[in-house]
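Notes to accompany the following structure.
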Amino acid sequence: MDCPDLVNQTSVSSASAKANTGVPTLSVVAPLYNEAENVRPLVEWILQALESYVGTFEVILVDDGSRDGTWNEVRAAAIDPRIRGLRLGANVGQTAAMMAGFDNSRGEVIVSLDGDLQNDPRDIPALVSKLSEGYDLVCGWRQSRKDKLLLRKVPSWLANRLIRGLTGVPITDNGCSLKAYRRDLLRRISLYAEQHRFIPALSASVGARITEMPVRHHARRFGESKYGISRTLKVLVDLITLKMITTFRSRPLLGFGLAAIPALAVALVFGGFWLFSLTHFGPEKAAALIFPGAGLLALEVAFYLFMLGLVAEVALNSERGDANDIPNAWEVR
Amino acid sequence: MSAQGILMEPTSSTSNARAALNPGLISVIVPVVERADALVAVYHAFARELEARPEAYEFIFIFDGRFTPPAELVTLARENEAVRLLRFARSFGETAALRLGIEKSRGDLVITLPAYFQVQPEGIRLLLEAVSGGADMVVASRSPRLDSWLNRLQSRAFHRIVGGVSEQRFHDMACGVRAMRRSVAEALPLYGDLHRFIPALALREGFRVEEVSVPQHPDDARTRLYRPGVYLRRLLDIGTFFFLAKFTEKPLRFFGLVGSLFLGAGTLLSLVLLVQRIVGQGIANRPALLLAVLLLALGVQLMGLGLVGEIIVHLRAPHRRAYRVRERA
């Protein structure tokens, strides 16, 4: 799976079959997992919302390895030439499903939204026009969320506070899937694992101009929520990664070096204890190896972190030369 | 930095350089790595079975360093272009042999076959039928098993452990008889000793994998009992597979979890010692302080390792995709 080209080869025939509709300027991507009942209303809703859209658009429905009839619904919807369906081989999760949609989209502007009808496609035109004001990413901000308070809203509020505090990107609602992107931005960020929550922070780290705007939110009509509270711990761990990636991606040694400072401090404190007891109580009491032992251990950790930083630099160096390393900039006129 | 200091990725030319693929050709890959008691007989029996089919076929034997091709097979290869013999200069194992076979074969359908009779030759037909039925990979499951209860017990234990990770339950991953489309064979992330997990790997890559019951050959039914080292290695293999399946994309979720356990224990112990010190108990002559610092150190080190893993994964991300598109509409 190392090679996305291989995946794309199969697309040539179906893409050319639909080429007669012209290259769309807007792509709407919706990942679907076991959402059979939602496909038809979703498509109708999107088409309705985009009725007055000037320019061509495409809707990409990504079936993320559903086990219900989602794919049949997608196939039926894809009779409309503006609708395209992708069926993934296995359930790979929302982030990878979104990436599948992004990789196969053709518009210069891409809008992502949830396949469960909780986002309102009527907000799409507003997001797109906001994007043309000079942004690379417009995030939806769900107003009056219709979700369970304790299970969804409280953890989400906490996570958003944490993300904002840690990354300094002033986005209120990181978890909202309804977002509009410029293609250029999507070329620069490669999402994996469960990074869809961190799109604003990751985008900011490559120099994107980001804003948010209020969007509507509806209660779930059909099907079940695919989230639970168990992900909280995972999100916390992922946040450490996010911080490392966004801040120290191009200089990991600095990150590890900073982490080594507390260890060095601990080593100094224990070393000081040892010196103190040596000079004040004489060697027989200082011979208790506890303090120098603990100090040496702390010293070892500092040394180890430094070496890890070097390993990270080696890894970074061997992957360098990617155009995506250059942050984005704009002409000032 | 000097120009030589920059590591370059070799351009992947393997797929372009290979001879043109033959549609309707079946490539049979036989890694000769373990047992090779009836090599020629295996060839004749399975070739006869394939002869009855409309497709052309080729046999590729890959001999691991320890094995020499039998004279009869060498003459056969000279006379028959559809039989090719390849030999490693030293022992590289089954995974390497399979990879070489996949690389050298040209058929759009790839069959792997052990170098001894594991299943009855007629079984191959069942596999090919299932592939034409739409599966991307079909693995044989020996049934009914003629083996001793010991073999079956080992196999059951193995599959029970592996079954916890993989989405679909397989019953006979040790069986070397498989049929797959070329796209599957080339997409398999094969290295190390991962050949034991081929069905699960293909499943993880997003392919449709089916299991077909195939009658076992009596030759295969001898009791297998290995040295303890072998079982240890098997356990390591399972550990590798488990780790790869769960954490390749997010190493910090593993290292961070284990690391935070250590950090938590270390912090707790430190706090207890701190309280004791304040109350007036001496701690300088007790090893508990060393333990606390050691736990904290371990925790920090594991977290650091996980972060390096995350950086590597992040750097590789532009070249990797976690999904495979099965169908388009």
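We label chains A, B, ... in the order they appear in the structure tokens, count residues from 1 in each chain, and number ligands from 1 in the order shown.
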### Query
Which chain B residues are at most 8 Å from chain A (counting only C-alpha atoms), as JSON, numbers by chain?
{"B": [6, 7, 8, 187, 189, 203, 204, 205, 206, 207, 208, 249, 250, 252, 253, 256, 284, 285, 286, 287, 289, 290, 293, 294, 297, 300, 301, 304, 305, 307, 308, 310, 311, 312, 314, 315, 316, 317, 318, 319, 320, 321, 322, 323, 324, 325, 326, 327, 328, 329]}
Excluding A:Pro327 and its own-chain neighbours fewer than 2 positions away, which residues fall within 12 Å of it when counting only C-alpha atoms? Please give them as a short mmCIF file (atom, residue, chain, number, x, y, z; two decimals) with C-alpha atoms, in the first residue's frame.
data_model
loop_
_atom_site.label_atom_id
_atom_site.label_comp_id
_atom_site.auth_asym_id
_atom_site.auth_seq_id
_atom_site.Cartn_x
_atom_site.Cartn_y
_atom_site.Cartn_z
CA ASP A 184 -3.28 23.41 -2.42
CA LEU A 185 -3.65 22.88 1.33
CA ARG A 187 -1.52 18.67 -1.12
CA ARG A 188 0.49 19.80 1.88
CA ILE A 189 -1.10 17.80 4.66
CA LEU A 202 -1.93 20.57 11.12
CA SER A 203 -2.99 23.09 8.47
CA ALA A 204 -1.71 25.97 10.58
CA SER A 205 1.64 24.19 10.89
CA VAL A 206 2.11 24.31 7.11
CA GLY A 207 1.17 27.99 6.96
CA ALA A 208 -2.49 27.87 5.99
CA ARG A 209 -4.83 30.81 6.54
CA SER A 250 11.66 20.19 11.18
CA ASP A 322 9.64 16.98 -0.12
CA ALA A 323 8.08 20.11 -1.58
CA ASN A 324 5.57 19.93 1.26
CA ASP A 325 8.30 21.02 3.65
CA ALA A 329 3.03 32.07 1.46
CA TRP A 330 0.95 34.60 -0.45
#
### Task
To one decimal in Å, tell me the separation between atom CA of B:Phe117 and atom CA of B:Ser143.
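Calculated distance between atom CA of B:Phe117 and atom CA of B:Ser143 is 14.1 Å.
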#### Entry: Sel. of strand (DSSP E or B) residues, stretch 32-175 of chain A, as a PyMOL selection string
chain A and resi 32+57-63+83-88+109-112+119+137-142
### For atom CA of B:Leu298 and atom CA of B:Lys246, the interatomic separation in Å (one decimal)
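Distance reported for this atom pair: 22.4 Å.
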### Task
Extract the full set of alpha helix (DSSP H) residues from stretch 94-319 of chain B according to DSSP on the backbone, and format it as a PyMOL selection string.
chain B and resi 94-104+123-132+149-163+182-187+198-204+228-247+251-279+288-316
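Atom CA of B:Arg196 is positioned 20.0 Å from atom CA of B:Ile60.
Here the question is which of A:Ile326, A:Val169, A:Ile210, A:Cys176 gets nearest to A:Lys130 using only C-alpha atoms, and that residue is A:Ile210.
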### Task
Could you give me, as JSON, numbers by chain, the residues within 10 Å of B:Arg142, counting only C-alpha atoms and dropping anything in the same chain fewer than 5 positions from it?
{"B": [118, 119, 120, 123, 147, 171, 172, 173, 174, 175, 177, 211, 212, 213, 214, 215, 216, 217, 220]}
Write a file of the selected residues as a compact mmCIF listing (two decimals), in the first residue's frame, keeping N, CA and C atoms.
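As a result, part01.txt now contains:
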# COMPACT_ATOMS: atom_id res chain seq x y z
N GLN B 118 0.80 -31.18 0.67
CA GLN B 118 0.08 -30.71 1.84
C GLN B 118 -1.42 -30.98 1.67
N VAL B 119 -1.88 -30.76 0.43
CA VAL B 119 -3.29 -31.04 0.14
C VAL B 119 -3.37 -31.94 -1.08
N GLN B 120 -4.50 -32.53 -1.30
CA GLN B 120 -4.72 -33.33 -2.50
C GLN B 120 -4.71 -32.41 -3.72
N GLY B 123 -7.54 -30.25 -4.99
CA GLY B 123 -7.94 -29.08 -4.22
C GLY B 123 -7.70 -27.78 -4.95
N ASP B 147 -4.10 -35.15 10.77
CA ASP B 147 -2.95 -35.08 11.67
C ASP B 147 -3.25 -35.63 13.04
N HIS B 171 -8.73 -20.42 9.82
CA HIS B 171 -8.58 -21.69 10.51
C HIS B 171 -7.29 -22.41 10.19
N ASP B 172 -6.62 -22.01 9.11
CA ASP B 172 -5.43 -22.75 8.72
C ASP B 172 -4.46 -21.82 8.01
N MET B 173 -3.91 -20.89 8.76
CA MET B 173 -2.99 -19.95 8.12
C MET B 173 -1.66 -20.60 7.80
N ALA B 174 -1.36 -21.75 8.43
CA ALA B 174 -0.08 -22.40 8.18
C ALA B 174 -0.08 -23.11 6.84
N CYS B 175 -1.23 -23.29 6.25
CA CYS B 175 -1.31 -23.99 4.98
C CYS B 175 -0.71 -23.10 3.88
N VAL B 177 -0.93 -23.44 0.68
CA VAL B 177 -1.62 -23.48 -0.60
C VAL B 177 -2.58 -22.29 -0.69
N GLU B 211 -11.71 -18.56 2.56
CA GLU B 211 -11.09 -19.80 2.98
C GLU B 211 -11.88 -20.94 2.34
N VAL B 212 -11.18 -21.90 1.75
CA VAL B 212 -11.85 -23.02 1.10
C VAL B 212 -11.33 -24.31 1.71
N SER B 213 -12.24 -25.18 2.07
CA SER B 213 -11.82 -26.47 2.63
C SER B 213 -11.30 -27.36 1.53
N VAL B 214 -10.10 -27.89 1.75
CA VAL B 214 -9.45 -28.74 0.76
C VAL B 214 -8.98 -30.00 1.48
N PRO B 215 -9.21 -31.19 0.87
CA PRO B 215 -8.79 -32.41 1.57
C PRO B 215 -7.27 -32.46 1.79
N GLN B 216 -6.89 -32.84 2.98
CA GLN B 216 -5.48 -32.92 3.32
C GLN B 216 -4.86 -34.17 2.71
N HIS B 217 -3.58 -34.08 2.34
CA HIS B 217 -2.87 -35.22 1.80
C HIS B 217 -2.29 -36.03 2.95
N ASP B 220 1.07 -35.19 4.64
CA ASP B 220 1.19 -34.00 5.47
C ASP B 220 0.87 -34.33 6.92
### Task
Find the spatial neighbours of A:Arg161, counting only C-alpha atoms, within a cut-off of 12 Å - ignore same-chain residues fewer than 3 positions away - and output them as a list in words.
Val154, Pro155, Ser156, Trp157, Leu158, Arg164, Gly165, Leu166, Thr167, Gly168, Val169, Pro170, Ile171, Thr172, Asp173, Asn174, Gly175 and Leu239 of chain A
### Task
Can you work out which one of B:His44, B:Arg78, B:Arg182, B:Arg169 has the shortest atom-to-atom distance to B:Ile102, counting only C-alpha atoms?
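When distances to B:Ile102 are compared using only C-alpha atoms, the smallest one comes from B:Arg182.
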### Query
Quick one: residues within 9 Å of stretch 222-225 of chain B, only C-alpha atoms counted, chain neighbours fewer than 5 positions away excluded, as a list of chain:residue names?
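Neighbouring residues, sequence-local ones excluded: B:Leu146, B:Asp147, B:Ser148, B:Trp149, B:Leu150, B:Asn151.
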